[in-house]
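**Student:** The structure that follows is given in the form of structure tokens.
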Amino acid sequence: MTSLPITLTINGHRHELEVDPRVTLLDLLRERLDLTGTKKGCDRGQCGACTVLVDGKRINSCLALAVSQDGANVMTIEGVARGEELHPVQAAFIAHDGFQCGFCTPGQIMSTLGLIAEGQAGDDPERIREGLSGNICRCAAYGGIVEAVLEAQQQLAQADRRTAA
Amino acid sequence: MTLELSLNQQPAHARQGSSIGQPLTRRDGFLKVTGAARYAADNHPPGMLHAVLAVSSITRGRVASLDIEAAKAHAGVVEVMTPRNRPALAADPDAKDHPFMFRLDLLQNDQVRYPNQTIAVVIAETLEAATEGAALLSPRYEALPARVGLDDAESFVPRGVGVGGPAVQHKGDIEAGLKSARTRIEATYETPAQYHNAMEPHAIVAAWDGDRLSIDTPSQGLAMAQGRIAGLFGIAPQNIHIRSPFLGGGFGSKGMISGPQVLGILAARLVGRPVKLVLRREQMYGPVGHRAPTRQTLRMGMDGEGRLTAIHHHAKTASSTFDDFFEPAADASHTLYASPAITTSHEAVRLDTGTPLFMRAPGEATGSIALESAIDEAAHACGMDPLEFRLRNHAEVEPMTGKPFSSKALRECYSQAAKAFGWASRPLQPRLMRDADGFLTGWGMGTATFPAIMFQAEARAVLKADGSGLMETGAQDMGQGAWTAFAQIAADGLGLDIEQVDFRAGSSDLPNAGIAGGSGHTATAGMAIHNAGAAVIARLADLATGNEASPLFGAGNEGVLARGGRLYRRDDESRSESYAEILARAGLTEIEGHGKGAPDPASQETYAKHAHGAVFAEVKVDPDFGQIRVTRLVGAFAAGRVINPRLVRSQYYGGMIWGVSFALHEEAITDRRSGRIQNANLAEYHVPVNADVPSVEALLVHEDDPYVNALGIKGVGEIGITGTAGAVANAVWHATGVRPRRFPIRIEDLLV
């Protein structure tokens, strides 16, 4: 396969890449860039384990060909914390036991970040459940996930108010 | 040993309240929320190639041809492994030396015995090239008709069910019991084939170095996997190093090494380079086990007071055409309800499927939904409240054996959960409750139970010169929280704060921790850890009490207590000495101790050991369209000592949601003509998503059990499914007046 040149900004780092046009964004991250935090659960956009943010919006990276993302700004789970300092969503997932095996967790967290950015969920658990239903958790840690999202949103809102003041 | 440090009988420092019982967050939490936890498929050794399976699209027959040339001609393809060039094995993959050894499909011939069986493996420089190479193989088949349904083959009585239990068991005279009954019910329930569908597909990264083998693969039983691979390849087990620090879910499907995992090892051997092989989701519907379908008939008789006079639980199930695993569904009736006559019986057929295997609560889950539905029918036939009926038939001793229970706080579970749920205001008759939006509302309940099982495990404990500790056991964490709960047990066993303990697990070069299955891992490996801690503390105590320079000298049979990195005289806690001081005086850099965990044969003989629980469910059903939503679940469970309530609650939630899934969602649908599974993907094989999940509450009911093991641990991983599935089904009946008899419950079943 003839490789095609693309440029991606991933977690703030610019990458100039030559990629086989068959390569999905997910496989590019996992198999070529050693960003294995993003997981492959189904490779068909059915489970959400591969959720990443592209230009701030959550997508299933298994359904996106890498070449179609030329110029995009990608954020993966590896780009969420600042060193040892966890993002409030990450900390809340731990505090509320919003995972068991942890395999879907990177996708759940990226999906949560996308959901919060969309401003759709608010403090309504029902809407959070709906908004995160593209991310399957077979361990069924759903209750903890919803609690974690509620708490993280509160913390983020407080932080915003502090910044504004 | 001069002093009595019988920590087996007296987990003294456990009662000091250091680590056991604390709701610690997961020790692996940071790694999991940052993406740094490395699962098998995240490994990428230098020179690694990608292997992709080509799988059968027929159900039965043989592979007539493969276009190997086309695949090999594709850029990047390195090799195609078929029966012609597959490296030789030291053992026949169809041999079965013991019941826990399952036959594997390792390209031993051109025969196809189920859909999605591997027919070739394509190995390439990239995943894309391997995937395309597999597509280019364009297989041609000689196909035979598929046998797919419970009525499609001749039925027989299996030699054993589950882990080898008798297929038929009797107590009392079932026909006499039925004859003497005032009221009788008989009902047949069907449960579908289900697939584990752990989020992490089975994956392996295998690298050979001569006759040494290095593997990253998820395993619920490292030592068993190591032994199986050693046997297949004719190498020593210690030459095989398996790393499985994190499993992306297992639920039984990663208990035994599967065919595709071994094919990854064979591929690495064939090409002489490290190979990664990851199953595609649809390829998980065949070679890695499933829960077999069942058809269960229950006959029950009740006297004028609603006491059971007979329970006959019969289950028909299926195994594959080439191996034996028989879902022990009817055995669910052995433990819960008192009856003078109980018969459980099984029959089976052989179908063209992959071999069914253990899936979270194997037998218990399938049997429970039928039994709890039938109990509900029986209560209704007697005009009794379902809780009152269950209390009327509460088993004071294990019904089948007459053994006393080692502990049984089921009555407390019933009362706590019923109170939290508000059960007392439930109308007896169905179809009487509606919510404000006009939805039919129903309340149902089920009893939960799961045996307290122990296997065999070992652990090694070390105390170091700096006063810190190390605990090693090859335990497996598939999400249940082993990294955390075992570290808590280790900390108490070593008398250290948890921060002072380095806990190592998830690797086959550590002591054998047994299997993470049967809800027995915490009890088994936990006891090994506890005993290893006791052994090394005993050595330390010997060093101190035998030395005149120690404030503990001569503590003798009064013994010592280990706590917070110091040994204290039990009778005078003002006299103490730190671990570091004791080791420094002895001139030792470290000391070690070993411990084992295993069931106690004497108490096994004497007591029936089970965890219990009660689950109450509320459902709402659209009266026009039949849509069902579970809106509320309350469970209360008594399972002995709780090591970490935060993690235990999560196990109960997960199990209960699996129960909802059993009642309402999951089902593998087989095409009757082709024998293929039509919904082998996560869009059409339904598992609950976040929006499907109601408010779930799990109450932890206190239970002291002095007989199961010294720590008093039963097990919590599977019990949540039992009881819950039946509670949901019974709530659907209560909402609609329609009795669900096949699962998952379909809308069309309610529109009658």
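Identifiers for the structure tokens are assigned positionally: chains receive A, B, ... in sequence, residues are indexed from 1 per chain, and ligands are indexed from 1 in the order shown.
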Using only C-alpha atoms, select each residue of chain A with any atom at most 7 Å away from an atom of chain B, and give the selection as a PyMOL selection string.

**Tutor:** chain A and resi 22-23+36-38+41-42+46-47+77-78+81+90+94-95+100-106+129-130+132-133+136+138-142

**Student:** Going by DSSP on the backbone, which bits of stretch 191-401 of chain B are alpha helix (DSSP H)? Write them as a PyMOL selection string, please.

**Tutor:** chain B and resi 222-233+259-271+364-381+386-392

**Student:** Could you list, as an mmCIF file with C-alpha atoms, in the first residue's frame, every residue within 10 Å of B:Gly422, counting only C-alpha atoms and ignoring same-chain residues fewer than 4 positions away?

**Tutor:**
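The resulting file, out-v1.cif, is reproduced below:
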```cif
data_model
loop_
_atom_site.group_PDB
_atom_site.id
_atom_site.type_symbol
_atom_site.label_atom_id
_atom_site.label_comp_id
_atom_site.auth_asym_id
_atom_site.auth_seq_id
_atom_site.Cartn_x
_atom_site.Cartn_y
_atom_site.Cartn_z
ATOM 1 C CA GLN B 416 -33.158 -5.658 55.231
ATOM 2 C CA ALA B 417 -33.718 -5.684 51.483
ATOM 3 C CA ALA B 418 -37.522 -5.885 51.808
ATOM 4 C CA ARG B 426 -47.025 -4.754 47.427
ATOM 5 C CA TRP B 443 -42.471 -5.774 42.076
ATOM 6 C CA PHE B 616 -36.076 -7.065 44.990
ATOM 7 C CA VAL B 634 -32.340 -3.580 45.923
#
```

**Student:** What lies within 9 Å of B:Gly149 using only C-alpha atoms, ignoring chain neighbours under 5 positions off, as number ranges by chain?

**Tutor:** B: 293, 318, 349, 351, 670, 672

**Student:** Take the residues that were just selected and, keeping C-alpha atoms, output them as a short mmCIF file (atom, residue, chain, number, x, y, z; two decimals), in the first residue's frame.

**Tutor:**
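Writing done, so here's again.cif:
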```cif
data_model
loop_
_atom_site.label_atom_id
_atom_site.label_comp_id
_atom_site.auth_asym_id
_atom_site.auth_seq_id
_atom_site.Cartn_x
_atom_site.Cartn_y
_atom_site.Cartn_z
CA PRO B 293 -28.82 -22.86 26.34
CA ALA B 318 -26.19 -28.81 25.17
CA VAL B 349 -27.63 -32.96 23.29
CA LEU B 351 -24.64 -29.40 18.86
CA THR B 670 -28.44 -18.88 15.77
CA ARG B 672 -31.25 -22.44 11.90
#
```

**Student:** As an exercise, work out the distance from atom CA of B:Pro551 to atom CA of B:Ser468 in Å and give it to one decimal place.

**Tutor:** 20.8 Å

**Student:** Counting only C-alpha atoms, what is within 9 Å of stretch 102-114 of chain B, bar same-chain residues fewer than 5 positions away, as an NGL selection string?

**Tutor:** :B and (56-64 or 81-84 or 86 or 92-96 or 119-120 or 143 or 146 or 256-260 or 262-263 or 266 or 286-287 or 320-325 or 351-355 or 675-676)

**Student:** Using C-alpha atoms, can you export the residues from the last selection as an mmCIF file, in the first residue's frame?

**Tutor:**
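What landed in selection_3.cif:
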```cif
data_model
loop_
_atom_site.group_PDB
_atom_site.id
_atom_site.type_symbol
_atom_site.label_atom_id
_atom_site.label_comp_id
_atom_site.auth_asym_id
_atom_site.auth_seq_id
_atom_site.Cartn_x
_atom_site.Cartn_y
_atom_site.Cartn_z
ATOM 1 C CA SER B 56 -14.848 -20.797 9.368
ATOM 2 C CA SER B 57 -18.004 -19.357 7.876
ATOM 3 C CA ILE B 58 -19.625 -22.784 7.865
ATOM 4 C CA THR B 59 -20.804 -24.704 10.888
ATOM 5 C CA ARG B 60 -19.842 -28.263 10.035
ATOM 6 C CA GLY B 61 -17.833 -29.920 7.295
ATOM 7 C CA ARG B 62 -14.318 -29.449 5.974
ATOM 8 C CA VAL B 63 -12.159 -26.821 4.377
ATOM 9 C CA ALA B 64 -11.722 -27.886 0.753
ATOM 10 C CA MET B 81 -0.252 -21.099 8.979
ATOM 11 C CA THR B 82 -2.563 -23.957 8.042
ATOM 12 C CA PRO B 83 -2.695 -27.652 8.996
ATOM 13 C CA ARG B 84 0.043 -28.249 6.381
ATOM 14 C CA ARG B 86 1.576 -25.700 11.596
ATOM 15 C CA ASP B 92 -2.812 -34.064 20.757
ATOM 16 C CA PRO B 93 -5.051 -31.010 21.234
ATOM 17 C CA ASP B 94 -7.991 -33.415 21.156
ATOM 18 C CA ALA B 95 -6.651 -35.419 24.098
ATOM 19 C CA LYS B 96 -8.432 -34.959 27.434
ATOM 20 C CA ILE B 119 -9.014 -22.493 9.661
ATOM 21 C CA ALA B 120 -5.782 -20.542 9.083
ATOM 22 C CA ALA B 143 -20.461 -28.232 4.259
ATOM 23 C CA ALA B 146 -25.851 -27.846 11.072
ATOM 24 C CA MET B 256 -8.674 -21.973 30.566
ATOM 25 C CA ILE B 257 -6.162 -21.141 27.857
ATOM 26 C CA SER B 258 -8.135 -21.025 24.609
ATOM 27 C CA GLY B 259 -7.294 -22.274 21.132
ATOM 28 C CA PRO B 260 -6.605 -18.835 19.636
ATOM 29 C CA VAL B 262 -2.198 -21.226 21.637
ATOM 30 C CA LEU B 263 -2.355 -20.410 17.922
ATOM 31 C CA LEU B 266 2.352 -21.519 17.327
ATOM 32 C CA GLY B 286 -17.031 -19.859 19.225
ATOM 33 C CA PRO B 287 -13.579 -20.817 20.481
ATOM 34 C CA SER B 320 -20.372 -29.343 21.611
ATOM 35 C CA THR B 321 -20.023 -32.443 19.431
ATOM 36 C CA PHE B 322 -16.442 -32.939 20.585
ATOM 37 C CA ASP B 323 -16.166 -32.018 24.231
ATOM 38 C CA ASP B 324 -18.004 -32.132 27.517
ATOM 39 C CA PHE B 325 -19.270 -29.232 29.522
ATOM 40 C CA LEU B 351 -24.637 -29.402 18.859
ATOM 41 C CA ASP B 352 -22.350 -27.867 16.263
ATOM 42 C CA THR B 353 -21.090 -25.088 18.504
ATOM 43 C CA GLY B 354 -17.883 -24.282 20.256
ATOM 44 C CA THR B 355 -17.703 -26.005 23.622
ATOM 45 C CA GLY B 675 -25.885 -22.672 12.163
ATOM 46 C CA ARG B 676 -24.066 -19.346 12.374
#
```

**Student:** How many Å lie between atom CA of B:Lys179 and atom CA of B:Ala341, rounded to one decimal?

**Tutor:** 11.4 Å

**Student:** Can you tell me how far atom CA of B:Leu470 sits from atom CA of B:Val501, in Å to one decimal?

**Tutor:** 5.5 Å

**Student:** Do you know which residues are at most 12 Å from A:His13 counting only C-alpha atoms, after dropping those on the same chain fewer than 5 positions away, and could you put them as a PyMOL selection string?

**Tutor:** chain A and resi 7-8+33+72-76+78-79

**Student:** Please provide the set of residues having any atom within 10 Å of A:Asp43, restricted to only C-alpha atoms, with same-chain residues fewer than 3 positions apart removed, written as a list in words.

**Tutor:**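 So, after excluding close chain neighbours, the residues are Thr24, Leu26, Asp27, Lys39, Lys40, Gln46, Cys47, Gly48, Ala49, Cys50, Asn60, Ser61, Cys62 and Leu63 of chain A; Arg280 and Arg281 of chain B.
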
**Student:** Could you write those residues out with C-alpha atoms, as a JSON list (two decimals), in the first residue's frame?

**Tutor:**
```json
[["chain", "number", "residue", "atom", "x", "y", "z"],
["A", 24, "THR", "CA", -7.55, 3.50, 11.49],
["A", 26, "LEU", "CA", -7.14, 3.66, 16.69],
["A", 27, "ASP", "CA", -4.54, 1.35, 15.17],
["A", 39, "LYS", "CA", -8.55, 0.33, 23.68],
["A", 40, "LYS", "CA", -10.03, -1.82, 20.93],
["A", 46, "GLN", "CA", -20.27, -0.51, 18.92],
["A", 47, "CYS", "CA", -18.56, -0.47, 22.32],
["A", 48, "GLY", "CA", -16.89, 2.93, 22.76],
["A", 49, "ALA", "CA", -13.64, 1.60, 24.26],
["A", 50, "CYS", "CA", -11.69, 3.52, 21.60],
["A", 60, "ASN", "CA", -14.89, 6.23, 17.95],
["A", 61, "SER", "CA", -11.30, 6.12, 16.75],
["A", 62, "CYS", "CA", -11.85, 2.64, 15.29],
["A", 63, "LEU", "CA", -14.25, 4.12, 12.73],
["B", 280, "ARG", "CA", -11.86, -9.79, 16.63],
["B", 281, "ARG", "CA", -15.12, -9.39, 18.55]]
```

**Student:** Considering only C-alpha atoms, can you say which of B:Gln296, B:Arg504, B:Ala71, B:Ile215 comes closest to B:Pro192?

**Tutor:**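 Ranked by minimum distance to B:Pro192, first place goes to B:Gln296.
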
**Student:** Given the choices A:Leu28, A:Ala157, A:Ala121, A:Ile109, which gets closest to A:Val52 if the distance is worked out from only C-alpha atoms?

**Tutor:** A:Ile109
